[in-house]
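What follows is one structure encoded as structure tokens, with my remarks underneath.
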Amino acid sequence: MGDPRETQLSAARPPTGTVDWPTFVASCGIVLFVCVPLAVFPEAGGRILELTYSLVATQFGFAYLIAGCLALSLLVWLAFGRHGRVVLGAANEPPEFSTYSWIAMVFCAGIGAGLLAWAPVEWAHYFGAPPFGVTPGSNEATAWASTYGLFHWGPTAWAFYCLPTVAIAYPYYTKQLTYLRFSTSCHYFLGGQQDSKSARVVDWLFMIALLGGAGSSLGFSTPLIAACVSRLTGAEHDFGLEVVVVGLCVALFASSVWFGLEKGIKRLSDVNLLLALALLIGMLAIGPTVFLIKTSLNSVGLLFSQFLRMNSWTDPFSTSGFVENWTVFYWAWWIAYGPFVGLFVTRISRGRTIREVVTGMVGWGSLGTGVFFMIMGNYSLHLELTGVLSVTELLANDGAPTAIVAALDSMPLGSILIAIFCLVALIFAATTYDSASYTLAAAATRRLTPGDDPPRWHRLFWAISLAILPLTLMFVGGLRVMQTAVLVVSLPILVVGVYMSIALVKQLTADTSR
């Protein structure tokens, strides 16, 4: 006969897929609490958000820089130390997904269309207001402009994604836990009490961060997709068209969520990675190939030689605002998204070692985003330097979406490239949000063992709910609004990240010392 205590414990456990209603209701309340006041009082809300951004960035910006240095250092220690061979799963268990599909899902979930909204024009912001007191528009400013995008989307940034992944995946698989939440990363301190008040606070903070980060990301990418649609169809680019685009994104990623991880998210990610590679190769082939290669090589060299300086520069002796406006914003964005990516990559990383996860995410992730900046960014930079198209003027007067579409339109076969670009951006948005809705559903599920998925209706609900916040942020309007939303929601996650990192190190040390 079996152990009666085990029988009693099994009977007390909720069935797999049971909704965690307190977390579910609280998260829905957060969406309404944020969106309704902003929609009713957009001007006042915009002013409050700007003041909030300035306060947090100037007073706590240094903490984000320190966090980046520590996160990257800890991951190097984990990957290349004695813990690197630890398998996330059974000792001889093979990876659940192929390396290509794993990289595709990691990249598409963690990046999304936000990359396409920034890669072609981010240099233009730095060209006119460069770092380190460099003269705007000079050759040195040009070099930094083509390099800083690689930094903001490079190894330190991906470290903010990778550290939560390892911190969640290790206890989830090695302790055979029956719940997949952000609080899983603090398992060492929580002692398995996943329904305790401390665990619920951690999970609520995660859901707030994901809703804010996801809302901002779609807020960046939707106007870009709308601009592409406007160019291809002749439709007027207004808020109504952007609403239609959000509807298309919701329909696409809701369908993907409905079909699940294997048939939905995996297939979309596989296809979109191929489309993105084809787009980049095409632009490299028909664009100014020699210029793109030379500029990219120069940027990579500058990044490697100045990497430590860029990670630790706080700009203490001037009021340029470069660090607060860009590096702190980007680190906040990656931190806000980090727990979400960590949960999703945990789900698809069974059978991989800690070293494979770290090198795969930090290495392939940095390379993937870097190629977009090297080709798309340096192409539009070439247009500016040769006088073919004033990208900086278009950016200042008409916004980034118009500037990006005009840059693509200047190439041979411009309409075809814009169509492919639009499709890639649309699928990127979908793969990011179906991953996000999957993760939100998992976080609001009481019991989810490895290999199980949340109920379809639950995933579909979050797929639709994720569209509300970006529409509100776009209605309020402005880059600063998006940046503020990310910065505010990331601050609590930054604090939890310290707690999470200590828990990971202590758990690994305790397990290997036995």
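Going by the structure tokens order, chains are called A, B, ..., each with residues numbered from 1, while ligands are numbered from 1 in the order shown.
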
Check which residues of range 225-339 of chain A sit at most 10 Å from range 131-145 of chain A using only C-alpha atoms, and return one row each with the closest pair of atoms and their distance in Å to one decimal, ordered by chain and rising number, as JSON lines.
{"residue": "A:Thr295", "atom": "CA", "partner": "A:Ala143", "partner_atom": "CA", "distance": 8.1}
{"residue": "A:Ser296", "atom": "CA", "partner": "A:Ala143", "partner_atom": "CA", "distance": 9.8}
{"residue": "A:Asn298", "atom": "CA", "partner": "A:Ala143", "partner_atom": "CA", "distance": 7.8}
{"residue": "A:Ser299", "atom": "CA", "partner": "A:Ala143", "partner_atom": "CA", "distance": 6.8}
{"residue": "A:Leu302", "atom": "CA", "partner": "A:Trp144", "partner_atom": "CA", "distance": 8.1}
{"residue": "A:Leu303", "atom": "CA", "partner": "A:Trp144", "partner_atom": "CA", "distance": 8.9}
{"residue": "A:Met310", "atom": "CA", "partner": "A:Pro131", "partner_atom": "CA", "distance": 9.5}
{"residue": "A:Trp313", "atom": "CA", "partner": "A:Phe132", "partner_atom": "CA", "distance": 8.7}
{"residue": "A:Asp315", "atom": "CA", "partner": "A:Phe132", "partner_atom": "CA", "distance": 7.6}
{"residue": "A:Ser318", "atom": "CA", "partner": "A:Gly133", "partner_atom": "CA", "distance": 8.4}
{"residue": "A:Ser320", "atom": "CA", "partner": "A:Gly133", "partner_atom": "CA", "distance": 8.0}
{"residue": "A:Gly321", "atom": "CA", "partner": "A:Pro131", "partner_atom": "CA", "distance": 9.3}
{"residue": "A:Phe322", "atom": "CA", "partner": "A:Pro131", "partner_atom": "CA", "distance": 6.3}
{"residue": "A:Val323", "atom": "CA", "partner": "A:Pro131", "partner_atom": "CA", "distance": 8.2}

**Message:** I need the alpha helix (DSSP H) residues of range 224-447 of chain A per DSSP on the backbone, written as an MDAnalysis selection string.
**Reply:** chainID A and resid 224:233 239:260 266:286 289:305 307:312 322 328:348 354:358 365:372 378:386 391:398 400:409 414:443

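The shortest atom-to-atom distance to Ala436 in chain A, with only C-alpha atoms taken into account, belongs to A:Tyr337 out of A:Trp102, A:Tyr379, A:Tyr337, A:Trp364.
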
**Prompt:** Near Leu72 in chain A, within 12 Å and counting only C-alpha atoms, which residues show up once chain neighbours fewer than 3 positions away are dropped, as a ChimeraX atom specification?
**Reply:** /A:65-69,75-79,154-164,308,311,358-359,361-363,501

Selection from above, C-alpha atoms, as a CSV table (one decimal), in the first residue's frame, can you write it?
chain,number,residue,atom,x,y,z
A,65,LEU,CA,24.3,50.3,-14.4
A,66,ILE,CA,25.6,48.4,-11.3
A,67,ALA,CA,22.9,45.7,-11.9
A,68,GLY,CA,24.1,45.2,-15.5
A,69,CYS,CA,27.7,44.7,-14.5
A,75,LEU,CA,26.5,34.7,-15.7
A,76,VAL,CA,30.1,34.3,-16.8
A,77,TRP,CA,30.9,32.7,-13.5
A,78,LEU,CA,27.9,30.3,-13.8
A,79,ALA,CA,28.6,29.3,-17.4
A,154,GLY,CA,24.3,43.4,-26.6
A,155,PRO,CA,25.7,41.1,-23.9
A,156,THR,CA,24.7,43.2,-20.9
A,157,ALA,CA,21.2,43.6,-22.1
A,158,TRP,CA,20.8,39.9,-22.8
A,159,ALA,CA,22.2,39.2,-19.3
A,160,PHE,CA,19.1,40.8,-17.9
A,161,TYR,CA,17.1,38.1,-19.8
A,162,CYS,CA,19.4,35.2,-19.1
A,163,LEU,CA,19.8,35.6,-15.3
A,164,PRO,CA,16.1,35.2,-14.5
A,308,LEU,CA,33.8,48.4,-19.6
A,311,ASN,CA,28.9,49.8,-18.8
A,358,VAL,CA,23.9,31.3,-21.0
A,359,THR,CA,26.1,31.1,-24.1
A,361,MET,CA,21.1,33.6,-25.0
A,362,VAL,CA,23.9,36.1,-24.4
A,363,GLY,CA,26.0,35.0,-27.5
A,501,SER,CA,20.4,36.0,-7.6

**Request:** Fewer than 6 positions away in the same chain doesn't count, so skip those; otherwise give me all residues within 6 Å of range 185-190 of chain A, counting only C-alpha atoms, as a ChimeraX atom specification.
**Result:** /A:167-168,500,503,507

**Asked** For the atom pair CA of Val388 in chain A and CA of Asp409 in chain A, what is the interatomic distance in Å to one decimal place?
**Response**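 One can read the CA of Val388 in chain A to CA of Asp409 in chain A distance as 11.8 Å.
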
**Request:** Check the smallest atom-to-atom distance from each of A:Ala109, A:Val290, A:Leu88, A:Leu280 to Thr439 in chain A using only C-alpha atoms, then report the winner.
**Result:**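 When distances to Thr439 in chain A are compared using only C-alpha atoms, the smallest one comes from A:Ala109.
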
**Item:** Contacts of Met411 in chain A at 12 Å (only C-alpha atoms; same-chain gap of 3+ positions) as a PyMOL selection string
**Value:** chain A and resi 282-288+376+379-380+382-383+388-389+404-408+414-418

**Prompt:** How far is it from CA of Leu55 in chain A to CA of Gly497 in chain A, in Å with one decimal?
**Reply:**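 Calculated distance between CA of Leu55 in chain A and CA of Gly497 in chain A is 21.3 Å.
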
Mind dumping a table of every range 295-339 of chain A residue within 12 Å of range 194-208 of chain A, with the nearest atom pair and its distance in Å to one decimal, using only C-alpha atoms, sorted by chain and rising number, as a tab-separated table?
residue	atom	partner	partner_atom	distance
A:Ile335	CA	A:Phe206	CA	10.3
A:Ala336	CA	A:Phe206	CA	7.9
A:Tyr337	CA	A:Phe206	CA	8.9
A:Gly338	CA	A:Phe206	CA	9.2
A:Pro339	CA	A:Phe206	CA	6.6

**Request:** Could you jot down the CA of Val86 in chain A to CA of Gly360 in chain A separation for me, Å, one decimal place?
**Result:**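 Those two atoms sit 15.0 Å apart.
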
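Of the residues listed (A:Gln193, A:Thr445, A:Leu277, A:Pro171), A:Leu277 shows the shortest atom-to-atom separation from Phe372 in chain A; distances use only C-alpha atoms.
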
**Message:** Need to verify the contact set: Ser98 in chain A, 12 Å, only C-alpha atoms, exclusion of same-chain residues closer than 2 positions in sequence. Can you return it as a PyMOL selection string?
**Reply:** chain A and resi 94-96+100-105+262+266+270+348-352

Selected residues, C-alpha atoms, written as a PDB file, in the first residue's frame, please.
ATOM      1  CA  PRO A  94      18.061  15.447 -24.428  1.00  0.00           C
ATOM      2  CA  PRO A  95      16.884  19.003 -25.216  1.00  0.00           C
ATOM      3  CA  GLU A  96      13.155  19.212 -25.879  1.00  0.00           C
ATOM      4  CA  TYR A 100      17.524  26.228 -34.276  1.00  0.00           C
ATOM      5  CA  SER A 101      13.961  26.255 -32.918  1.00  0.00           C
ATOM      6  CA  TRP A 102      15.227  27.073 -29.428  1.00  0.00           C
ATOM      7  CA  ILE A 103      17.255  30.057 -30.696  1.00  0.00           C
ATOM      8  CA  ALA A 104      14.331  31.199 -32.871  1.00  0.00           C
ATOM      9  CA  MET A 105      11.871  31.126 -29.961  1.00  0.00           C
ATOM     10  CA  GLU A 262       4.645  23.315 -30.477  1.00  0.00           C
ATOM     11  CA  LYS A 266       7.490  27.369 -32.415  1.00  0.00           C
ATOM     12  CA  ASP A 270      10.932  29.288 -37.110  1.00  0.00           C
ATOM     13  CA  ILE A 348      11.551  25.527 -23.685  1.00  0.00           C
ATOM     14  CA  SER A 349      14.974  24.735 -22.150  1.00  0.00           C
ATOM     15  CA  ARG A 350      14.412  21.339 -20.570  1.00  0.00           C
ATOM     16  CA  GLY A 351      17.441  19.141 -21.224  1.00  0.00           C
ATOM     17  CA  ARG A 352      19.935  21.974 -21.766  1.00  0.00           C
TER      18      ARG A 352
END
